[in-house]
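Source file: final.cif (mmCIF, C-alpha atoms)
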```
data_run
#
loop_
_atom_site.group_PDB
_atom_site.id
_atom_site.type_symbol
_atom_site.label_atom_id
_atom_site.label_comp_id
_atom_site.auth_asym_id
_atom_site.auth_seq_id
_atom_site.Cartn_x
_atom_site.Cartn_y
_atom_site.Cartn_z
ATOM 1 C CA CYS A 1499 20.119 -13.985 7.728
ATOM 2 C CA LEU A 1500 16.789 -12.318 8.593
ATOM 3 C CA ALA A 1501 14.394 -14.451 10.634
ATOM 4 C CA SER A 1502 10.975 -15.006 9.109
ATOM 5 C CA SER A 1503 8.172 -17.483 8.585
ATOM 6 C CA VAL A 1504 7.787 -18.239 4.885
ATOM 7 C CA TYR A 1505 5.404 -20.277 2.742
ATOM 8 C CA ALA A 1506 6.853 -20.232 -0.763
ATOM 9 C CA THR A 1507 7.334 -22.179 -3.926
ATOM 10 C CA LYS A 1508 11.059 -21.829 -3.419
ATOM 11 C CA THR A 1509 13.488 -20.356 -0.901
ATOM 12 C CA ARG A 1510 15.133 -17.003 -1.606
ATOM 13 C CA PHE A 1511 17.935 -15.092 0.069
ATOM 14 C CA LEU A 1512 16.982 -11.526 0.853
ATOM 15 C CA PRO A 1513 19.261 -8.799 -0.476
ATOM 16 C CA THR A 1514 20.751 -6.129 1.758
ATOM 17 C CA ILE A 1515 18.697 -2.944 1.862
ATOM 18 C CA THR A 1516 20.294 0.375 2.813
ATOM 19 C CA TYR A 1517 18.954 2.144 5.897
ATOM 20 C CA TYR A 1518 17.677 5.659 5.290
ATOM 21 C CA SER A 1519 18.994 8.395 7.565
ATOM 22 C CA GLN A 1520 16.798 10.845 9.415
ATOM 23 C CA ARG A 1521 18.130 13.535 7.103
ATOM 24 C CA THR A 1522 16.852 11.619 4.072
ATOM 25 C CA MET A 1523 13.456 11.070 5.691
ATOM 26 C CA MET A 1524 13.133 14.729 6.585
ATOM 27 C CA ARG A 1525 14.068 15.650 3.024
ATOM 28 C CA CYS A 1526 11.114 13.510 1.890
ATOM 29 C CA VAL A 1527 8.866 15.441 4.273
ATOM 30 C CA PHE A 1528 10.216 18.690 2.833
ATOM 31 C CA LEU A 1529 9.523 17.523 -0.722
ATOM 32 C CA ILE A 1530 5.971 16.591 0.221
ATOM 33 C CA ALA A 1531 5.357 19.921 1.911
ATOM 34 C CA CYS A 1532 6.669 21.782 -1.138
ATOM 35 C CA SER A 1533 4.720 19.595 -3.609
ATOM 36 C CA SER A 1534 7.836 19.076 -5.696
ATOM 37 C CA THR A 1535 6.881 18.440 -9.326
ATOM 38 C CA ALA A 1536 10.162 16.552 -9.823
ATOM 39 C CA LEU A 1537 8.640 13.593 -7.935
ATOM 40 C CA GLU A 1538 5.031 13.987 -9.009
ATOM 41 C CA PHE A 1539 2.837 13.872 -12.095
ATOM 42 C CA THR A 1540 -0.861 13.423 -12.841
ATOM 43 C CA VAL A 1541 -2.732 10.774 -14.810
ATOM 44 C CA PRO A 1542 -6.170 11.563 -16.265
ATOM 45 C CA ALA A 1543 -8.845 9.108 -15.182
ATOM 46 C CA ARG A 1544 -11.459 7.929 -17.673
ATOM 47 C CA ASP A 1545 -13.835 10.667 -16.479
ATOM 48 C CA GLY A 1546 -11.163 13.374 -16.791
ATOM 49 C CA TYR A 1547 -10.349 13.531 -13.065
ATOM 50 C CA LYS A 1548 -6.655 14.205 -12.416
ATOM 51 C CA LEU A 1549 -4.998 11.521 -10.287
ATOM 52 C CA SER A 1550 -1.799 12.468 -8.464
ATOM 53 C CA VAL A 1551 1.115 10.027 -8.682
ATOM 54 C CA ILE A 1552 4.440 10.333 -6.839
ATOM 55 C CA THR A 1553 7.591 8.596 -8.036
ATOM 56 C CA SER A 1554 10.716 7.029 -6.608
ATOM 57 C CA LYS A 1555 14.115 8.515 -7.362
ATOM 58 C CA THR A 1556 14.707 5.537 -9.674
ATOM 59 C CA ALA A 1557 12.355 5.804 -12.650
ATOM 60 C CA LYS A 1558 14.151 4.336 -15.678
ATOM 61 C CA THR A 1559 13.877 0.576 -15.184
ATOM 62 C CA ASP A 1560 12.239 -2.083 -17.353
ATOM 63 C CA ASP A 1561 9.749 -2.951 -14.646
ATOM 64 C CA ALA A 1562 7.886 -0.836 -12.133
ATOM 65 C CA VAL A 1563 5.567 -1.243 -9.164
ATOM 66 C CA LEU A 1564 2.510 0.826 -8.300
ATOM 67 C CA LEU A 1565 1.927 1.232 -4.544
ATOM 68 C CA LEU A 1566 -1.570 1.685 -3.122
ATOM 69 C CA HIS A 1567 -2.069 3.315 0.281
ATOM 70 C CA GLY A 1568 -4.717 2.361 2.822
ATOM 71 C CA ARG A 1569 -7.914 3.702 4.296
ATOM 72 C CA THR A 1570 -6.691 6.857 6.005
ATOM 73 C CA TRP A 1571 -3.332 8.235 4.801
ATOM 74 C CA SER A 1572 -2.143 9.130 1.305
ATOM 75 C CA SER A 1573 0.935 7.992 -0.599
ATOM 76 C CA GLY A 1574 3.119 10.940 0.398
ATOM 77 C CA PRO A 1575 3.436 10.090 4.085
ATOM 78 C CA VAL A 1576 2.913 6.325 3.634
ATOM 79 C CA TRP A 1577 5.510 5.687 0.928
ATOM 80 C CA GLN A 1578 7.649 8.812 0.562
ATOM 81 C CA THR A 1579 8.113 10.052 4.130
ATOM 82 C CA THR A 1580 8.979 6.535 5.293
ATOM 83 C CA GLY A 1581 11.450 6.121 2.414
ATOM 84 C CA ALA A 1582 9.751 2.857 1.381
ATOM 85 C CA ILE A 1583 9.185 4.014 -2.192
ATOM 86 C CA ASP A 1584 12.965 4.070 -2.774
ATOM 87 C CA THR A 1585 13.802 0.635 -1.307
ATOM 88 C CA LEU A 1586 12.385 -1.767 -3.878
ATOM 89 C CA GLY A 1587 15.215 -1.638 -6.433
ATOM 90 C CA ARG A 1588 13.079 -0.444 -9.357
ATOM 91 C CA ALA A 1589 10.837 2.388 -10.459
ATOM 92 C CA ALA A 1590 8.070 2.764 -7.901
ATOM 93 C CA TYR A 1591 4.978 4.927 -7.998
ATOM 94 C CA GLY A 1592 2.409 5.829 -5.362
ATOM 95 C CA MET A 1593 -1.022 7.111 -6.403
ATOM 96 C CA ASP A 1594 -3.523 8.943 -4.237
ATOM 97 C CA PHE A 1595 -7.123 7.775 -4.237
ATOM 98 C CA ARG A 1596 -9.682 10.547 -4.701
ATOM 99 C CA GLY A 1597 -9.869 12.904 -1.741
ATOM 100 C CA PHE A 1598 -6.442 11.884 -0.411
ATOM 101 C CA GLY A 1599 -3.226 13.916 -0.293
ATOM 102 C CA ARG A 1600 -2.599 15.748 -3.550
ATOM 103 C CA THR A 1601 -5.688 14.224 -5.212
ATOM 104 C CA GLN A 1602 -7.865 16.441 -3.067
ATOM 105 C CA THR A 1603 -11.140 16.896 -4.953
ATOM 106 C CA ARG A 1604 -13.871 14.611 -3.611
ATOM 107 C CA ALA A 1605 -17.078 13.344 -5.148
ATOM 108 C CA ALA A 1606 -20.136 15.581 -4.906
ATOM 109 C CA ASP A 1607 -21.391 13.547 -1.945
ATOM 110 C CA GLY A 1608 -17.913 13.461 -0.383
ATOM 111 C CA LEU A 1609 -17.831 9.644 -0.451
ATOM 112 C CA LEU A 1610 -15.287 7.301 -2.039
ATOM 113 C CA ARG A 1611 -16.400 4.019 -3.620
ATOM 114 C CA PRO A 1612 -14.130 0.967 -4.049
ATOM 115 C CA SER A 1613 -15.265 0.645 -7.686
ATOM 116 C CA THR A 1614 -13.988 4.166 -8.373
ATOM 117 C CA CYS A 1615 -10.607 3.230 -6.888
ATOM 118 C CA VAL A 1616 -10.450 0.083 -9.032
ATOM 119 C CA ASP A 1617 -11.134 2.065 -12.231
ATOM 120 C CA ASP A 1618 -8.574 4.724 -11.248
ATOM 121 C CA VAL A 1619 -5.884 2.135 -10.505
ATOM 122 C CA CYS A 1620 -6.503 0.532 -13.888
ATOM 123 C CA ASP A 1621 -6.080 3.917 -15.581
ATOM 124 C CA VAL A 1622 -2.773 4.539 -13.792
ATOM 125 C CA LEU A 1623 -1.525 1.015 -14.572
ATOM 126 C CA ALA A 1624 -2.364 1.532 -18.249
ATOM 127 C CA ASP A 1625 -0.377 4.771 -18.228
ATOM 128 C CA LEU A 1626 2.620 3.124 -16.550
ATOM 129 C CA ARG A 1627 2.567 0.375 -19.169
ATOM 130 C CA THR A 1628 3.474 2.994 -21.763
ATOM 131 C CA LYS A 1629 6.690 3.628 -19.792
ATOM 132 C CA HIS A 1630 7.677 0.149 -18.527
ATOM 133 C CA GLU A 1631 7.714 -3.366 -19.939
ATOM 134 C CA ASN A 1632 6.316 -4.956 -16.769
ATOM 135 C CA VAL A 1633 4.159 -3.296 -14.128
ATOM 136 C CA HIS A 1634 3.459 -4.848 -10.728
ATOM 137 C CA LEU A 1635 0.894 -3.837 -8.113
ATOM 138 C CA LEU A 1636 1.256 -3.619 -4.320
ATOM 139 C CA GLY A 1637 -1.707 -2.868 -2.079
ATOM 140 C CA TRP A 1638 -1.447 -2.157 1.644
ATOM 141 C CA SER A 1639 -4.402 -2.640 4.013
ATOM 142 C CA TYR A 1640 -7.469 -1.149 2.240
ATOM 143 C CA GLY A 1641 -5.211 -0.751 -0.784
ATOM 144 C CA GLY A 1642 -4.834 -4.527 -0.704
ATOM 145 C CA LEU A 1643 -8.591 -4.891 -1.136
ATOM 146 C CA VAL A 1644 -8.468 -2.603 -4.172
ATOM 147 C CA ALA A 1645 -5.450 -4.457 -5.585
ATOM 148 C CA GLN A 1646 -7.240 -7.794 -5.240
ATOM 149 C CA ARG A 1647 -10.186 -6.484 -7.259
ATOM 150 C CA VAL A 1648 -7.905 -5.119 -9.981
ATOM 151 C CA ALA A 1649 -5.879 -8.332 -10.307
ATOM 152 C CA ALA A 1650 -9.032 -10.488 -10.336
ATOM 153 C CA SER A 1651 -10.708 -8.535 -13.139
ATOM 154 C CA THR A 1652 -7.921 -7.345 -15.469
ATOM 155 C CA ASP A 1653 -4.653 -8.480 -17.059
ATOM 156 C CA LEU A 1654 -2.860 -5.230 -16.184
ATOM 157 C CA VAL A 1655 -0.857 -6.709 -13.292
ATOM 158 C CA ASP A 1656 2.295 -8.784 -13.856
ATOM 159 C CA ARG A 1657 2.896 -9.568 -10.170
ATOM 160 C CA LEU A 1658 0.709 -8.811 -7.178
ATOM 161 C CA VAL A 1659 1.812 -8.028 -3.618
ATOM 162 C CA LEU A 1660 -0.887 -8.109 -0.952
ATOM 163 C CA TYR A 1661 0.634 -6.354 2.037
ATOM 164 C CA SER A 1662 -1.423 -6.652 5.228
ATOM 165 C CA SER A 1663 -4.654 -6.848 3.236
ATOM 166 C CA VAL A 1664 -7.634 -6.566 5.570
ATOM 167 C CA TRP A 1665 -9.552 -9.275 3.680
ATOM 168 C CA ASP A 1666 -11.202 -11.954 5.819
ATOM 169 C CA GLU A 1667 -12.766 -15.302 4.977
ATOM 170 C CA THR A 1668 -16.175 -14.403 6.414
ATOM 171 C CA GLY A 1669 -16.612 -11.446 4.043
ATOM 172 C CA ASP A 1670 -16.920 -8.940 6.888
ATOM 173 C CA TYR A 1671 -14.425 -6.670 5.102
ATOM 174 C CA ALA A 1672 -17.043 -6.131 2.360
ATOM 175 C CA ASP A 1673 -20.041 -5.725 4.666
ATOM 176 C CA ASP A 1674 -21.471 -2.195 4.699
ATOM 177 C CA ASN A 1675 -22.436 -2.793 8.343
ATOM 178 C CA GLY A 1676 -19.298 -4.764 9.272
ATOM 179 C CA ARG A 1677 -16.176 -3.944 11.242
ATOM 180 C CA PHE A 1678 -15.121 -1.087 8.949
ATOM 181 C CA LYS A 1679 -18.410 0.763 9.142
ATOM 182 C CA ALA A 1680 -17.651 4.299 10.307
ATOM 183 C CA PRO A 1681 -19.676 7.421 11.054
ATOM 184 C CA VAL A 1682 -19.950 9.898 8.185
ATOM 185 C CA PRO A 1683 -18.177 12.180 8.202
ATOM 186 C CA ARG A 1684 -15.235 10.570 10.000
ATOM 187 C CA GLY A 1685 -13.978 14.076 10.697
ATOM 188 C CA PRO A 1686 -10.573 15.720 11.157
ATOM 189 C CA GLN A 1687 -7.433 13.927 12.277
ATOM 190 C CA THR A 1688 -5.075 14.791 15.114
ATOM 191 C CA LEU A 1689 -1.339 14.274 15.437
ATOM 192 C CA GLU A 1690 -2.060 11.419 17.825
ATOM 193 C CA ASP A 1691 -4.365 9.783 15.267
ATOM 194 C CA CYS A 1692 -1.598 9.906 12.673
ATOM 195 C CA ALA A 1693 0.798 7.981 14.935
ATOM 196 C CA SER A 1694 -1.793 5.397 15.985
ATOM 197 C CA ASP A 1695 -0.382 2.517 13.902
ATOM 198 C CA PHE A 1696 2.932 2.509 15.774
ATOM 199 C CA ASN A 1697 1.996 0.140 18.581
ATOM 200 C CA LEU A 1698 5.122 -1.949 19.240
ATOM 201 C CA PRO A 1699 7.525 -0.414 21.800
ATOM 202 C CA GLY A 1700 10.971 0.235 20.354
ATOM 203 C CA SER A 1701 9.976 -0.622 16.778
ATOM 204 C CA ILE A 1702 10.475 2.930 15.488
ATOM 205 C CA SER A 1703 12.331 5.952 16.809
ATOM 206 C CA ALA A 1704 10.390 8.840 18.286
ATOM 207 C CA GLU A 1705 11.843 11.098 15.581
ATOM 208 C CA ASP A 1706 10.654 8.880 12.715
ATOM 209 C CA SER A 1707 7.217 8.391 14.261
ATOM 210 C CA ASP A 1708 6.828 12.123 14.715
ATOM 211 C CA ALA A 1709 8.021 12.831 11.149
ATOM 212 C CA PHE A 1710 5.403 10.448 9.772
ATOM 213 C CA ALA A 1711 2.602 11.807 11.954
ATOM 214 C CA ARG A 1712 3.332 15.413 10.998
ATOM 215 C CA ALA A 1713 3.541 14.578 7.287
ATOM 216 C CA ALA A 1714 0.292 12.584 7.487
ATOM 217 C CA LEU A 1715 -1.516 15.379 9.294
ATOM 218 C CA ALA A 1716 -0.327 17.921 6.720
ATOM 219 C CA ALA A 1717 -1.299 15.718 3.760
ATOM 220 C CA ASP A 1718 -4.584 14.314 5.111
ATOM 221 C CA PRO A 1719 -6.038 16.608 7.783
ATOM 222 C CA GLN A 1720 -9.577 15.391 7.088
ATOM 223 C CA CYS A 1721 -10.444 11.684 6.907
ATOM 224 C CA VAL A 1722 -11.872 10.418 3.626
ATOM 225 C CA ASP A 1723 -15.270 8.767 3.957
ATOM 226 C CA TRP A 1724 -15.702 5.411 2.195
ATOM 227 C CA THR A 1725 -19.031 4.001 1.061
ATOM 228 C CA ALA A 1726 -20.400 0.876 -0.665
ATOM 229 C CA LEU A 1727 -17.882 -1.409 1.023
ATOM 230 C CA SER A 1728 -19.688 -4.354 -0.554
ATOM 231 C CA GLU A 1729 -17.883 -3.398 -3.770
ATOM 232 C CA PHE A 1730 -14.691 -4.784 -2.224
ATOM 233 C CA ALA A 1731 -16.112 -8.321 -2.551
ATOM 234 C CA VAL A 1732 -13.926 -10.485 -4.791
ATOM 235 C CA ASP A 1733 -13.477 -14.088 -5.872
ATOM 236 C CA LEU A 1734 -9.801 -14.581 -5.102
ATOM 237 C CA GLY A 1735 -9.814 -17.653 -7.299
ATOM 238 C CA ASP A 1736 -9.867 -15.241 -10.247
ATOM 239 C CA VAL A 1737 -6.436 -13.879 -9.276
ATOM 240 C CA LYS A 1738 -4.081 -15.816 -11.563
ATOM 241 C CA CYS A 1739 -0.899 -13.699 -11.674
ATOM 242 C CA PRO A 1740 2.048 -14.528 -9.369
ATOM 243 C CA CYS A 1741 1.252 -13.336 -5.832
ATOM 244 C CA LEU A 1742 3.050 -12.497 -2.599
ATOM 245 C CA VAL A 1743 1.097 -12.289 0.667
ATOM 246 C CA ILE A 1744 3.160 -10.427 3.276
ATOM 247 C CA HIS A 1745 2.272 -9.152 6.748
ATOM 248 C CA GLY A 1746 3.624 -8.545 10.248
ATOM 249 C CA ASP A 1747 3.492 -11.282 12.856
ATOM 250 C CA GLN A 1748 1.689 -8.942 15.293
ATOM 251 C CA ASP A 1749 -0.605 -7.154 12.847
ATOM 252 C CA PRO A 1750 -3.914 -6.394 14.612
ATOM 253 C CA TYR A 1751 -5.739 -6.083 11.273
ATOM 254 C CA ALA A 1752 -4.200 -9.023 9.390
ATOM 255 C CA SER A 1753 -3.760 -12.106 11.558
ATOM 256 C CA ARG A 1754 -1.721 -15.154 10.602
ATOM 257 C CA GLU A 1755 -4.928 -17.157 10.233
ATOM 258 C CA THR A 1756 -6.691 -14.733 7.887
ATOM 259 C CA GLN A 1757 -3.548 -14.159 5.823
ATOM 260 C CA ARG A 1758 -3.055 -17.917 5.422
ATOM 261 C CA SER A 1759 -6.705 -18.191 4.308
ATOM 262 C CA LEU A 1760 -6.085 -15.349 1.852
ATOM 263 C CA TYR A 1761 -3.028 -17.153 0.496
ATOM 264 C CA ASP A 1762 -4.953 -20.413 0.125
ATOM 265 C CA ALA A 1763 -7.869 -18.717 -1.664
ATOM 266 C CA LEU A 1764 -5.743 -17.081 -4.367
ATOM 267 C CA GLY A 1765 -6.108 -18.774 -7.737
ATOM 268 C CA SER A 1766 -2.478 -18.223 -8.663
ATOM 269 C CA SER A 1767 -0.283 -21.291 -9.131
ATOM 270 C CA ALA A 1768 2.793 -19.185 -8.264
ATOM 271 C CA LYS A 1769 2.354 -17.674 -4.835
ATOM 272 C CA GLU A 1770 4.435 -17.014 -1.749
ATOM 273 C CA MET A 1771 3.784 -15.958 1.824
ATOM 274 C CA VAL A 1772 6.116 -14.034 4.135
ATOM 275 C CA VAL A 1773 5.505 -13.198 7.792
ATOM 276 C CA ILE A 1774 7.676 -10.354 9.074
ATOM 277 C CA ASP A 1775 8.916 -10.857 12.612
ATOM 278 C CA GLY A 1776 8.561 -8.077 15.193
ATOM 279 C CA SER A 1777 6.096 -6.080 13.142
ATOM 280 C CA ASP A 1778 2.515 -4.896 13.214
ATOM 281 C CA HIS A 1779 0.546 -3.126 10.445
ATOM 282 C CA VAL A 1780 3.332 -0.797 9.278
ATOM 283 C CA ALA A 1781 6.346 -3.030 8.576
ATOM 284 C CA HIS A 1782 7.520 -0.717 5.784
ATOM 285 C CA ALA A 1783 8.060 2.088 8.315
ATOM 286 C CA LEU A 1784 9.621 0.231 11.257
ATOM 287 C CA THR A 1785 13.377 0.330 11.867
ATOM 288 C CA GLN A 1786 14.197 -3.385 11.547
ATOM 289 C CA PRO A 1787 11.121 -4.887 9.826
ATOM 290 C CA LYS A 1788 11.353 -2.506 6.858
ATOM 291 C CA VAL A 1789 14.617 -4.195 5.807
ATOM 292 C CA GLN A 1790 12.932 -7.590 5.611
ATOM 293 C CA TRP A 1791 9.835 -6.048 4.017
ATOM 294 C CA ALA A 1792 11.798 -4.466 1.182
ATOM 295 C CA GLY A 1793 14.049 -7.493 0.717
ATOM 296 C CA ALA A 1794 11.172 -9.965 0.451
ATOM 297 C CA ILE A 1795 9.192 -7.801 -1.964
ATOM 298 C CA GLY A 1796 12.234 -6.972 -4.079
ATOM 299 C CA ALA A 1797 13.163 -10.652 -4.373
ATOM 300 C CA PHE A 1798 9.609 -11.602 -5.359
ATOM 301 C CA LEU A 1799 9.416 -8.905 -8.038
ATOM 302 C CA ASP A 1800 12.861 -9.921 -9.369
ATOM 303 C CA ALA A 1801 11.770 -13.511 -9.999
#
```
Give the structure from this file in structure tokens form.
Amino acid sequence: CLASSVYATKTRFLPTITYYSQRTMMRCVFLIACSSTALEFTVPARDGYKLSVITSKTAKTDDAVLLLHGRTWSSGPVWQTTGAIDTLGRAAYGMDFRGFGRTQTRAADGLLRPSTCVDDVCDVLADLRTKHENVHLLGWSYGGLVAQRVAASTDLVDRLVLYSSVWDETGDYADDNGRFKAPVPRGPQTLEDCASDFNLPGSISAEDSDAFARAALAADPQCVDWTALSEFAVDLGDVKCPCLVIHGDQDPYASRETQRSLYDALGSSAKEMVVIDGSDHVAHALTQPKVQWAGAIGAFLDA
């Protein structure tokens, strides 16, 4: 039995998730580097912009989940290099926000607005609904902020997973001069920058950390600059679909207190909370925590 702290409407047993070998992870890196069309397609946004979407190896299931990356790295390294996209027991898709990864073209001013991300996610969800009966949404970190906005304003989401969302009760997350204010441009990344989320000693092998960092640097050599952070503001009471709030017990960006406040603020009558032991902001990539991460999310989406 995997140790965890859980607030839930009912108790679930977590299924066994297969570990992915280094060879499999490196194959993912190879596929990303080669831009394999077998695991990628594009969805036209409402303004004609082409949004890149990567897919899991499993694609023909009744339900699917769309994965949203965070502030700095695109879906290739975040979901594919780590193997996370193939651990959820159903079709999974990872889209790149504008300026990230394979969706490289940026706005004329080089800035990315949360409202643009929300519209783009809705367009991808609508496309996925032509392929699957049920479509769920998972947002990590900044992606969690986008996912919250989508779920609060549309009926396109069957189940919502907020994974280490950087929301906070004070509203600082949506303050243009708050803690996420950054110089523009943020500039190029280094290999060290790309490994900066791996902060817990022994939580990931040196080989896996290096594989992620190299894939991230190749996919996102230049940081994307965000603007109009106030557009992240949301009334969580408007989120009515079933929700899972999940985060690491040592996450420097998503504390137990703020995640509990997030859970309490959600308007859903069917919600759960899972705290992953021995994890920080990247549970999906860490050797032991990723098993609990995938098991908890898979069980929630199966309900």
Exercise for the section: Identify, on the basis of only C-alpha atoms, every residue whose closest approach to segment 1645-1656 of chain A does not exceed 8 Å; exclude the query and any residue fewer than 3 positions from it along the same chain; express the result as a list in words. Expected result: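 Near segment 1645-1656 of chain A, the qualifying residues are Leu1566, Val1616, Val1619, Cys1620, Leu1623, Ala1624, Asn1632, Val1633, His1634, Leu1635, Leu1636, Gly1637, Gly1641, Gly1642, Leu1660, Phe1730, Ala1731, Val1732, Asp1733, Leu1734, Gly1735, Asp1736, Val1737, Lys1738, Cys1739 and Pro1740 of chain A.
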Practice task
Please indicate the distance in Å from atom CA of Gln1790 of chain A to atom CA of Thr1556 of chain A, rounded to one decimal place.
Solution key: 20.2 Å
Problem - Pick from A:Val1664, A:Val1773, A:Ala1717, A:Ala1606 nearest to Ser1639 of chain A, counting all atoms listed in the file - result: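 The shortest atom-to-atom distance to Ser1639 of chain A comes from A:Val1664.
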Handout entry: Distance criterion (only C-alpha atoms): nearest to Pro1699 of chain A out of A:Ser1550, A:Thr1580, A:Thr1585, A:Ser1777
Key =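 Checking each candidate against Pro1699 of chain A, we get A:Ser1777 as the closest.
With only C-alpha atoms taken into account, the protein and nucleic acid residues at most 9 Å from Gln1757 of chain A (excluding it and anything under 4 positions from it in its own chain) are Ser1662, Ser1663, Val1664, Trp1665, Asp1666, Val1743, Ile1744, His1745, Ala1752, Ser1753, Tyr1761, Asp1762 and Met1771 of chain A.
If you look at atom CA of Thr1540 of chain A and atom CA of Gln1602 of chain A, they are 12.4 Å away from each other.
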Practice task
Extract, using only C-alpha atoms, all DNA, RNA and protein residues at most 9 Å from Leu1549 of chain A, discarding same-chain residues fewer than 5 positions from it, and format them as a list in words.
Solution key: Phe1539, Thr1540, Val1541, Pro1542, Ala1543, Met1593, Asp1594, Phe1595, Arg1596, Arg1600, Thr1601, Asp1618 and Val1622 of chain A
Handout entry: Long-range neighbours of Asp1673 of chain A as a count of residues only, 12 Å cut-off, all atoms listed in the file, 2 positions minimum in chain
Key = 19
Once the PyMOL selection byres ((chain A and resi 1588) around 10) has been applied to the shown file, what residues remain in the selection, as a PDB file with C-alpha atoms, in the frame of the given file?
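What ended up in out.pdb:
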```pdb
ATOM      1  CA  SER A1554      10.716   7.029  -6.608  1.00  0.00           C
ATOM      2  CA  LYS A1555      14.115   8.515  -7.362  1.00  0.00           C
ATOM      3  CA  THR A1556      14.707   5.537  -9.674  1.00  0.00           C
ATOM      4  CA  ALA A1557      12.355   5.804 -12.650  1.00  0.00           C
ATOM      5  CA  LYS A1558      14.151   4.336 -15.678  1.00  0.00           C
ATOM      6  CA  THR A1559      13.877   0.576 -15.184  1.00  0.00           C
ATOM      7  CA  ASP A1560      12.239  -2.083 -17.353  1.00  0.00           C
ATOM      8  CA  ASP A1561       9.749  -2.951 -14.646  1.00  0.00           C
ATOM      9  CA  ALA A1562       7.886  -0.836 -12.133  1.00  0.00           C
ATOM     10  CA  VAL A1563       5.567  -1.243  -9.164  1.00  0.00           C
ATOM     11  CA  ILE A1583       9.185   4.014  -2.192  1.00  0.00           C
ATOM     12  CA  ASP A1584      12.965   4.070  -2.774  1.00  0.00           C
ATOM     13  CA  THR A1585      13.802   0.635  -1.307  1.00  0.00           C
ATOM     14  CA  LEU A1586      12.385  -1.767  -3.878  1.00  0.00           C
ATOM     15  CA  GLY A1587      15.215  -1.638  -6.433  1.00  0.00           C
ATOM     16  CA  ALA A1589      10.837   2.388 -10.459  1.00  0.00           C
ATOM     17  CA  ALA A1590       8.070   2.764  -7.901  1.00  0.00           C
ATOM     18  CA  TYR A1591       4.978   4.927  -7.998  1.00  0.00           C
ATOM     19  CA  GLY A1796      12.234  -6.972  -4.079  1.00  0.00           C
ATOM     20  CA  LEU A1799       9.416  -8.905  -8.038  1.00  0.00           C
ATOM     21  CA  ASP A1800      12.861  -9.921  -9.369  1.00  0.00           C
TER      22      ASP A1800
END
```
Exercise for the section: One decimal, Å: what's the distance from atom CA of Gly1765 of chain A over to atom CA of Tyr1661 of chain A, could you say? Expected result: 17.2 Å
Handout entry: Nearest-residue call for Glu1770 of chain A, choices A:Leu1564, A:Val1722, A:Ala1794, A:Thr1756, using all atoms listed in the file
Key = A:Ala1794
Completion exercise
Across A:Ala1605, A:Glu1667, A:Arg1712, A:His1630, the smallest distance to Gln1687 of chain A, with only C-alpha atoms counted, is shown by A:Arg1712
Give the padded box for segment 1653-1664 of chain A as lines of an AutoDock Vina configuration file: axis-aligned, covering all atoms listed in the file, 5 Å on each side, centre and edge lengths in Å to one decimal.
```
center_x = -2.4
center_y = -7.4
center_z = -5.7
size_x = 20.5
size_y = 14.3
size_z = 32.6
```
Handout entry: Polymer residues at most 12 Å from (9.4, -4.4, 4.7) by only C-alpha atoms, as number ranges by chain
Key = A: 1500, 1502, 1512-1515, 1517, 1577, 1580-1586, 1638, 1659, 1661-1662, 1744-1746, 1772-1797
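Within 9 Å of the point (-19.7, 11.8, 6.1), counting all atoms listed in the file, the protein and nucleic acid residues come to Asp1607, Gly1608, Leu1609, Ala1680, Pro1681, Val1682, Pro1683, Arg1684, Gly1685, Val1722, Asp1723 and Trp1724 of chain A.
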Just to be explicit: take each residue in the selection above, keep C-alpha atoms, and write the result as a PDB file, in the coordinates of the input.
```pdb
ATOM      1  CA  ASP A1607     -21.391  13.547  -1.945  1.00  0.00           C
ATOM      2  CA  GLY A1608     -17.913  13.461  -0.383  1.00  0.00           C
ATOM      3  CA  LEU A1609     -17.831   9.644  -0.451  1.00  0.00           C
ATOM      4  CA  ALA A1680     -17.651   4.299  10.307  1.00  0.00           C
ATOM      5  CA  PRO A1681     -19.676   7.421  11.054  1.00  0.00           C
ATOM      6  CA  VAL A1682     -19.950   9.898   8.185  1.00  0.00           C
ATOM      7  CA  PRO A1683     -18.177  12.180   8.202  1.00  0.00           C
ATOM      8  CA  ARG A1684     -15.235  10.570  10.000  1.00  0.00           C
ATOM      9  CA  GLY A1685     -13.978  14.076  10.697  1.00  0.00           C
ATOM     10  CA  VAL A1722     -11.872  10.418   3.626  1.00  0.00           C
ATOM     11  CA  ASP A1723     -15.270   8.767   3.957  1.00  0.00           C
ATOM     12  CA  TRP A1724     -15.702   5.411   2.195  1.00  0.00           C
TER      13      TRP A1724
END
```
